[in-house]
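So this one's data-v2.csv, CSV, C-alpha atoms:
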chain,number,residue,atom,x,y,z
A,1,MET,CA,4.2,40.7,40.4
A,2,ILE,CA,6.0,39.3,43.5
A,3,PRO,CA,9.6,40.3,44.6
A,4,THR,CA,11.2,37.6,46.6
A,5,LEU,CA,14.3,36.9,48.8
A,6,ASN,CA,14.4,33.7,50.7
A,7,GLU,CA,10.6,33.2,50.9
A,8,GLU,CA,10.2,29.5,50.2
A,9,ARG,CA,8.1,28.9,53.3
A,10,ASN,CA,5.8,31.9,52.5
A,11,LEU,CA,5.1,31.3,48.8
A,12,PRO,CA,2.7,28.3,49.3
A,13,HIS,CA,0.4,30.6,51.4
A,14,VAL,CA,0.7,33.5,48.9
A,15,PHE,CA,0.2,31.5,45.8
A,16,ALA,CA,-2.8,29.7,47.3
A,17,LYS,CA,-4.6,33.0,47.6
A,18,LEU,CA,-4.0,34.3,44.1
A,19,PRO,CA,-7.5,34.9,42.4
A,20,ALA,CA,-8.5,32.8,39.4
A,21,MET,CA,-8.5,35.9,37.3
A,22,ILE,CA,-4.7,36.1,37.4
A,23,THR,CA,-3.2,35.1,34.0
A,24,GLU,CA,0.4,36.1,34.6
A,25,VAL,CA,2.6,35.7,37.6
A,26,ILE,CA,6.0,37.4,37.7
A,27,VAL,CA,8.4,36.3,40.4
A,28,VAL,CA,11.4,38.5,40.8
A,29,ASP,CA,14.2,36.9,42.9
A,30,GLY,CA,16.9,38.8,44.6
A,31,GLY,CA,19.4,36.0,44.8
A,32,SER,CA,17.6,33.7,47.3
A,33,LYS,CA,19.8,31.2,49.1
A,34,ASP,CA,16.9,28.9,49.8
A,35,ARG,CA,14.5,27.0,47.5
A,36,THR,CA,12.4,30.1,46.6
A,37,VAL,CA,12.7,29.8,42.8
A,38,GLU,CA,12.2,26.0,42.9
A,39,VAL,CA,9.0,26.3,45.1
A,40,ALA,CA,7.6,29.1,42.8
A,41,ARG,CA,8.1,26.9,39.7
A,42,ARG,CA,6.5,23.9,41.5
A,43,LEU,CA,3.5,25.9,42.7
A,44,ARG,CA,3.0,27.8,39.5
A,45,PRO,CA,4.7,26.2,36.5
A,46,ASP,CA,3.6,29.1,34.2
A,47,ALA,CA,5.2,31.7,36.5
A,48,VAL,CA,7.9,33.9,34.8
A,49,ILE,CA,11.0,33.9,37.0
A,50,VAL,CA,13.1,37.0,36.7
A,51,GLN,CA,16.5,37.5,38.4
A,52,GLN,CA,16.9,41.1,39.5
A,53,THR,CA,20.0,43.0,38.1
A,54,ARG,CA,21.1,44.8,41.3
A,55,LYS,CA,20.1,44.7,45.0
A,56,GLY,CA,17.1,46.2,46.7
A,57,LYS,CA,13.3,46.2,46.4
A,58,GLY,CA,13.3,49.1,44.0
A,59,ASN,CA,15.4,47.3,41.5
A,60,ALA,CA,13.3,44.1,42.0
A,61,LEU,CA,10.1,46.1,41.1
A,62,ALA,CA,11.7,47.7,38.1
A,63,CYS,CA,12.9,44.3,36.8
A,64,GLY,CA,9.4,42.9,37.4
A,65,PHE,CA,7.7,45.8,35.6
A,66,ALA,CA,10.0,45.2,32.6
A,67,ALA,CA,8.9,41.6,32.4
A,68,CYS,CA,5.1,42.2,32.7
A,69,THR,CA,3.0,41.7,29.6
A,70,GLY,CA,-0.5,42.1,31.0
A,71,ASP,CA,-2.6,45.2,30.8
A,72,ILE,CA,-2.6,45.6,34.6
A,73,ILE,CA,0.3,45.2,37.1
A,74,VAL,CA,-0.4,44.4,40.7
A,75,MET,CA,2.4,44.6,43.3
A,76,ILE,CA,2.2,42.2,46.3
A,77,ASP,CA,4.7,41.0,48.9
A,78,ALA,CA,6.0,37.4,49.2
A,79,ASP,CA,5.9,37.4,53.0
A,80,GLY,CA,2.1,37.0,53.4
A,81,SER,CA,1.6,40.6,54.7
A,82,THR,CA,-0.5,41.6,51.6
A,83,ASP,CA,-3.5,39.5,50.8
A,84,PRO,CA,-3.7,38.4,47.2
A,85,ALA,CA,-7.5,37.8,47.6
A,86,GLU,CA,-7.9,41.6,47.6
A,87,ILE,CA,-6.6,42.0,44.0
A,88,PRO,CA,-10.2,42.2,42.5
A,89,LEU,CA,-10.7,45.3,44.6
A,90,PHE,CA,-7.8,47.0,42.9
A,91,VAL,CA,-8.6,45.8,39.4
A,92,ASN,CA,-12.2,47.0,39.6
A,93,LYS,CA,-11.1,50.5,40.6
A,94,LEU,CA,-8.8,50.6,37.6
A,95,ILE,CA,-11.5,49.4,35.3
A,96,ASN,CA,-13.8,52.1,36.6
A,97,GLY,CA,-11.4,54.9,35.7
A,98,ASP,CA,-8.3,55.1,37.9
A,99,HIS,CA,-4.8,54.9,36.4
A,100,PHE,CA,-3.1,54.0,39.7
A,101,VAL,CA,-4.7,52.4,42.9
A,102,LYS,CA,-3.1,52.3,46.3
A,103,GLY,CA,-4.0,50.0,49.2
A,104,SER,CA,-4.7,51.8,52.5
A,105,ARG,CA,-4.5,50.2,55.9
A,106,PHE,CA,-6.0,53.2,57.6
A,107,SER,CA,-9.1,54.1,55.5
A,108,HIS,CA,-11.8,52.6,53.4
A,109,GLY,CA,-12.2,49.7,55.9
A,110,GLY,CA,-8.5,48.8,55.9
A,111,HIS,CA,-6.5,47.5,58.9
A,112,SER,CA,-3.0,46.5,59.9
A,113,HIS,CA,-2.1,43.6,62.2
A,114,ASP,CA,1.6,44.4,62.0
A,115,ILE,CA,2.2,48.2,62.4
A,116,THR,CA,3.5,49.5,65.7
A,117,ARG,CA,2.4,52.8,67.3
A,118,LEU,CA,5.8,54.4,66.4
A,119,ARG,CA,5.5,53.4,62.8
A,120,LYS,CA,1.9,54.6,62.6
A,121,LEU,CA,3.0,57.9,64.0
A,122,GLY,CA,5.8,58.2,61.5
A,123,ASN,CA,3.4,57.2,58.6
A,124,ASP,CA,0.9,59.9,59.7
A,125,GLY,CA,3.7,62.5,59.7
A,126,LEU,CA,5.0,61.5,56.3
A,127,ASN,CA,1.4,61.5,54.9
A,128,LEU,CA,0.9,65.0,56.2
A,129,VAL,CA,4.1,66.3,54.5
A,130,VAL,CA,3.2,64.7,51.2
A,131,ASN,CA,-0.4,65.9,51.3
A,132,VAL,CA,0.7,69.5,52.0
A,133,LEU,CA,3.5,69.6,49.4
A,134,PHE,CA,1.7,67.8,46.6
A,135,ARG,CA,-1.9,68.7,47.5
A,136,THR,CA,-2.9,65.1,47.7
A,137,HIS,CA,-5.1,63.1,50.0
A,138,PHE,CA,-3.1,60.0,50.8
A,139,THR,CA,-4.1,58.0,53.8
A,140,ASP,CA,-1.3,55.5,53.7
A,141,LEU,CA,1.8,56.7,51.9
A,142,CYS,CA,4.2,53.9,52.9
A,143,TYR,CA,2.1,50.8,52.1
A,144,GLY,CA,3.4,48.9,49.1
A,145,TYR,CA,0.3,47.2,47.8
A,146,ASN,CA,-0.4,49.0,44.5
A,147,ALA,CA,-2.0,48.3,41.1
A,148,PHE,CA,-1.8,50.3,37.9
A,149,TRP,CA,-2.2,50.1,34.1
A,150,ARG,CA,1.0,48.9,32.5
A,151,ALA,CA,0.8,51.9,30.1
A,152,VAL,CA,1.7,54.2,33.0
A,153,VAL,CA,5.0,52.5,33.8
A,154,PRO,CA,7.1,55.1,31.9
A,155,ALA,CA,5.5,57.8,34.1
A,156,LEU,CA,7.3,56.3,37.1
A,157,ASP,CA,10.7,56.7,35.5
A,158,LEU,CA,12.5,54.1,37.5
A,159,PRO,CA,16.2,53.5,37.4
A,160,ASP,CA,17.3,51.6,34.3
A,161,VAL,CA,17.6,47.9,35.2
A,162,LYS,CA,20.7,47.7,32.9
A,163,LEU,CA,22.8,50.1,34.9
A,164,PRO,CA,25.6,48.5,36.9
A,165,ARG,CA,25.6,48.4,40.7
A,166,PRO,CA,28.0,51.0,42.2
A,167,SER,CA,31.4,49.6,42.9
A,168,ASP,CA,31.3,50.6,46.5
A,169,GLY,CA,28.2,48.4,47.1
A,170,ARG,CA,25.7,51.3,47.5
A,171,LYS,CA,22.3,51.2,46.0
A,172,LEU,CA,21.3,53.5,43.2
A,173,TRP,CA,18.7,56.0,44.2
A,174,GLY,CA,15.4,54.3,43.7
A,175,ASP,CA,16.7,50.8,44.2
A,176,GLY,CA,15.9,50.6,48.0
A,177,PHE,CA,12.7,50.8,50.1
A,178,GLU,CA,12.2,54.4,49.0
A,179,ILE,CA,10.8,53.0,45.8
A,180,GLU,CA,7.2,52.8,47.2
A,181,THR,CA,7.1,56.4,48.2
A,182,MET,CA,8.8,57.4,44.9
A,183,ILE,CA,6.2,55.5,42.9
A,184,ASN,CA,3.2,57.0,44.8
A,185,ILE,CA,4.5,60.6,44.4
A,186,ARG,CA,5.4,60.3,40.8
A,187,ALA,CA,2.0,59.0,40.0
A,188,VAL,CA,0.4,62.2,41.4
A,189,ALA,CA,3.2,64.4,40.1
A,190,GLU,CA,2.4,63.2,36.6
A,191,LYS,CA,-1.3,63.9,37.2
A,192,LEU,CA,-2.5,60.3,37.0
A,193,LYS,CA,-5.8,59.6,38.5
A,194,VAL,CA,-4.9,57.9,41.8
A,195,GLY,CA,-7.5,56.0,43.9
A,196,GLU,CA,-7.4,54.0,47.2
A,197,VAL,CA,-9.0,50.8,48.4
A,198,GLY,CA,-9.1,49.4,51.9
A,199,SER,CA,-6.5,46.6,52.6
A,200,THR,CA,-5.7,44.4,55.5
A,201,GLU,CA,-2.0,44.1,56.3
A,202,HIS,CA,-1.1,40.8,58.1
A,203,GLU,CA,2.0,39.9,60.0
A,204,ARG,CA,4.8,38.3,58.1
A,205,ILE,CA,4.3,34.5,58.2
A,206,HIS,CA,8.0,33.4,58.3
A,207,GLY,CA,11.3,35.2,58.4
A,208,GLU,CA,12.1,38.7,59.5
A,209,SER,CA,11.6,42.0,57.9
A,210,ASN,CA,14.5,44.1,56.7
A,211,LEU,CA,12.7,47.4,57.5
A,212,ASN,CA,14.3,49.7,60.1
A,213,THR,CA,11.8,52.3,61.5
A,214,PHE,CA,14.2,55.2,61.8
A,215,ARG,CA,16.6,54.6,59.0
A,216,ASP,CA,13.9,53.9,56.4
A,217,GLY,CA,11.7,56.7,57.8
A,218,PHE,CA,14.4,59.3,57.2
A,219,ARG,CA,15.0,57.7,53.7
A,220,VAL,CA,11.3,58.2,52.9
A,221,LEU,CA,11.4,61.8,54.2
A,222,ARG,CA,14.5,62.4,52.0
A,223,THR,CA,12.6,60.9,49.1
A,224,ILE,CA,9.6,63.2,49.6
A,225,PHE,CA,11.7,66.4,49.4
A,226,SER,CA,13.8,65.0,46.5
A,227,GLU,CA,10.6,64.2,44.5
A,228,TYR,CA,9.2,67.7,45.3
A,229,GLY,CA,12.4,69.2,43.9
A,230,ARG,CA,12.2,66.9,40.9
A,231,MET,CA,8.6,67.9,40.2
A,232,ARG,CA,9.4,71.6,40.4
A,233,ARG,CA,12.4,71.3,38.1
A,234,ARG,CA,10.3,69.4,35.5
A,235,ARG,CA,7.5,72.0,35.7
A,236,GLY,CA,10.1,74.8,35.4
A,237,ALA,CA,11.5,73.1,32.3
A,238,GLY,CA,8.1,73.1,30.7
A,239,LEU,CA,7.7,69.3,30.7
A,240,ARG,CA,4.0,68.4,30.5
A,241,PRO,CA,2.5,65.8,32.9
A,242,PHE,CA,2.6,62.3,31.5
A,243,VAL,CA,-1.1,61.9,31.7
A,244,GLU,CA,-1.6,64.4,28.9
A,245,GLY,CA,0.1,62.0,26.4
A,246,LEU,CA,-1.4,58.9,27.7
A,247,GLN,CA,-2.9,56.9,24.8
A,248,VAL,CA,-4.3,53.9,26.7
A,249,GLY,CA,-6.4,53.6,29.7
A,250,PRO,CA,-9.9,53.0,31.1
A,251,ALA,CA,-11.2,56.3,29.6
A,252,ARG,CA,-10.2,55.3,26.1
A,253,GLY,CA,-10.6,51.6,26.3
A,254,LEU,CA,-7.8,49.0,25.9
A,255,ASN,CA,-5.9,48.3,22.8
A,256,PRO,CA,-4.4,44.8,22.3
A,257,VAL,CA,-0.9,46.3,22.1
A,258,PRO,CA,-0.3,49.6,24.1
A,259,PRO,CA,1.9,52.1,22.3
A,260,ARG,CA,5.5,52.1,23.4
A,261,HIS,CA,6.5,55.3,25.1
A,262,ALA,CA,10.0,56.6,24.4
A,263,ALA,CA,11.0,56.1,28.0
A,264,ASP,CA,9.4,52.7,28.4
A,265,PRO,CA,12.1,50.4,29.8
A,266,ARG,CA,10.2,47.2,28.8
A,267,ARG,CA,12.0,44.8,26.5
A,268,ASP,CA,10.3,42.9,23.7
A,269,GLY,CA,8.5,40.2,25.6
A,270,GLY,CA,6.4,38.3,23.0
A,271,HIS,CA,7.7,35.0,24.2
A,272,LEU,CA,6.3,35.6,27.6
A,273,ASN,CA,2.7,36.0,26.4
A,274,ARG,CA,0.4,33.1,27.2
A,275,ALA,CA,-3.0,34.7,26.3
A,276,ARG,CA,-4.5,37.8,24.7
A,277,ARG,CA,-4.5,40.2,27.7
A,278,THR,CA,-7.2,42.4,26.4
A,279,ASP,CA,-9.6,39.4,26.3
A,280,ASP,CA,-8.7,38.7,29.9
A,281,ILE,CA,-9.7,42.2,31.0
A,282,ASN,CA,-12.9,42.0,29.0
A,283,LYS,CA,-13.7,38.8,30.9
A,284,ILE,CA,-13.2,40.7,34.2
A,285,ARG,CA,-15.5,43.5,33.0
A,286,ALA,CA,-18.1,40.9,32.1
A,287,ARG,CA,-18.2,39.7,35.7
A,288,GLU,CA,-19.8,43.0,36.8
A,289,LEU,CA,-17.7,43.5,39.9
A,290,ASP,CA,-19.2,46.0,42.4
A,291,ASP,CA,-18.1,49.6,42.1
A,292,LEU,CA,-15.7,50.1,45.0
A,293,GLY,CA,-15.6,53.8,44.7
A,294,GLY,CA,-18.9,54.3,46.5
A,295,ARG,CA,-18.8,51.5,49.0
A,296,PRO,CA,-15.1,50.6,49.8
A,297,THR,CA,-15.7,49.8,53.5
A,298,GLN,CA,-18.5,47.4,52.7
A,299,ASP,CA,-16.5,45.6,50.0
A,300,ILE,CA,-13.4,45.1,52.2
A,301,ASN,CA,-15.6,43.8,55.0
A,302,LYS,CA,-17.2,41.3,52.6
A,303,LEU,CA,-13.8,40.2,51.5
A,304,ARG,CA,-12.7,39.6,55.1
A,305,SER,CA,-15.7,37.5,55.9
A,306,GLY,CA,-15.3,35.3,52.8
A,307,PRO,CA,-13.9,31.8,52.8
A,308,SER,CA,-10.3,31.5,53.7
A,309,ALA,CA,-7.8,29.9,51.3
A,310,ASP,CA,-5.4,28.9,54.0

Whole structure, structure tokens version:
Amino acid sequence: MIPTLNEERNLPHVFAKLPAMITEVIVVDGGSKDRTVEVARRLRPDAVIVQQTRKGKGNALACGFAACTGDIIVMIDADGSTDPAEIPLFVNKLINGDHFVKGSRFSHGGHSHDITRLRKLGNDGLNLVVNVLFRTHFTDLCYGYNAFWRAVVPALDLPDVKLPRPSDGRKLWGDGFEIETMINIRAVAEKLKVGEVGSTEHERIHGESNLNTFRDGFRVLRTIFSEYGRMRRRRGAGLRPFVEGLQVGPARGLNPVPPRHAADPRRDGGHLNRARRTDDINKIRARELDDLGGRPTQDINKLRSGPSAD
């Protein structure tokens, strides 16, 4: 799944690196003024184009999740900073037992060509706060390269894509860049099995980032404490972690049609299906990908040294 906003010059690079195992590409456009949608359709005629309902990356992700029909969802960026060639690393971790897998630029052989010392310092501080409050072991809280089973989308409890945008132009909570922190924390708060793989972050190819170090850093910090309060309230109300009611996943095997959770925001999407997704996952299993859990650094280094798709 790829959220986009004026990324026509970056999409050829990103699409060229999509692995052959990919059977569904969801492009969520945030109202691009350039030829982003046209380029996406030309490069990948089978891509599903979704127009997001409000503004912000959080809303784009929620709209994309609602359109996905495959067993596994992978979030990548359209600016070339995340490498689509790493997707098999994430998929293999999921197949081997994780519910949710995060990319890490600072562990398991990962690296960043884009982060500044100030942003790295801020990321380390935010990591520490989350790891203390939630008793986790994140090494890269603010990186948005994630993959997870579609059946766990309800656990993330994202803002309803059908809600109107506030009349004063503000974003709903969860519609902005805080979404990545929110997703990561809610995954652990709902007791999902969360893993990490090494990932190399590249510099944006074309265009400029909308990130602001101080503004977005404080927004992430606010998100951390907001999510901590949310978790405490849910536990106090006796709500059981989502994982206890999870019916589908690597531990139980995949069913052709995952059961619909009461909070699942997905619409009926039969017309979007182009293949039997369970068969696709079985094909991936049959390829006998290496177990990344024991040798993550070795695997990411092999990936780096492989042939380039540029």

Which residues are near Ala47 in chain A? Cut-off 8 Å, only C-alpha atoms, ignore same chain within fewer than 2 positions. Put them as a list of chain:residue names.
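In the requested form, the answer reads A:Glu24, A:Val25, A:Ile26, A:Val27, A:Ala40, A:Arg41, A:Arg44, A:Pro45, A:Ile49.
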
Give me, please, the distance in Å between CA of Val243 in chain A and CA of Leu192 in chain A, quoted to one decimal.
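Those two atoms sit 5.7 Å apart.
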
Enter the distance from CA of Leu11 in chain A to CA of Val197 in chain A, in Å, rounded to one decimal.
24.1 Å

Excluding same-chain residues fewer than 5 positions from Gln52 in chain A, what lies within 7 Å of it counting all atoms listed in the file, as a PyMOL selection string?
chain A and resi 28-30+59-60+63

Best match for closeness to Ile72 in chain A among A:Tyr228, A:Phe106, A:Trp173, A:Trp149, counting all atoms listed in the file:
A:Trp149

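Going from CA of Leu61 in chain A to CA of Arg119 in chain A covers 23.4 Å.
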
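Minimum atom-to-atom distances from A:Pro84, A:Gly31, A:Gly70, A:Gly176 to Arg215 in chain A were compared using all atoms listed in the file, and the lowest value belongs to A:Gly176.
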
Within 12 Å of range 130-133 of chain A using all atoms listed in the file, minus same-chain residues under 6 positions, as a tab-separated table (two decimals) with C-alpha atoms, keeping the file's coordinate frame:
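File written: out_24.tsv
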chain	number	residue	atom	x	y	z
A	123	ASN	CA	3.40	57.20	58.60
A	124	ASP	CA	0.90	59.90	59.70
A	139	THR	CA	-4.10	58.00	53.80
A	140	ASP	CA	-1.30	55.50	53.70
A	141	LEU	CA	1.80	56.70	51.90
A	142	CYS	CA	4.20	53.90	52.90
A	181	THR	CA	7.10	56.40	48.20
A	182	MET	CA	8.80	57.40	44.90
A	184	ASN	CA	3.20	57.00	44.80
A	185	ILE	CA	4.50	60.60	44.40
A	186	ARG	CA	5.40	60.30	40.80
A	188	VAL	CA	0.40	62.20	41.40
A	189	ALA	CA	3.20	64.40	40.10
A	220	VAL	CA	11.30	58.20	52.90
A	221	LEU	CA	11.40	61.80	54.20
A	222	ARG	CA	14.50	62.40	52.00
A	223	THR	CA	12.60	60.90	49.10
A	224	ILE	CA	9.60	63.20	49.60
A	225	PHE	CA	11.70	66.40	49.40
A	226	SER	CA	13.80	65.00	46.50
A	227	GLU	CA	10.60	64.20	44.50
A	228	TYR	CA	9.20	67.70	45.30
A	229	GLY	CA	12.40	69.20	43.90
A	231	MET	CA	8.60	67.90	40.20
A	232	ARG	CA	9.40	71.60	40.40

Compare A:Gly169, A:Val48, A:Ser81, A:Asp71 by their minimum atom-to-atom distance to Ile95 in chain A, counting only C-alpha atoms, and give me the closest one.
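Once distances to Ile95 in chain A are computed over only C-alpha atoms, the minimum belongs to A:Asp71.
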
Quick one: of A:Pro241, A:Gly217, A:Pro159, A:Pro88, who's nearest to Asn127 in chain A, counting only C-alpha atoms?
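Smallest distance to Asn127 in chain A is found for A:Gly217.
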
Ranking A:Gln51, A:Glu190, A:Leu121, A:Gly58 by minimum distance to Leu239 in chain A and counting all atoms listed in the file, which one comes first?
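Of all the options, A:Glu190 lies closest to Leu239 in chain A.
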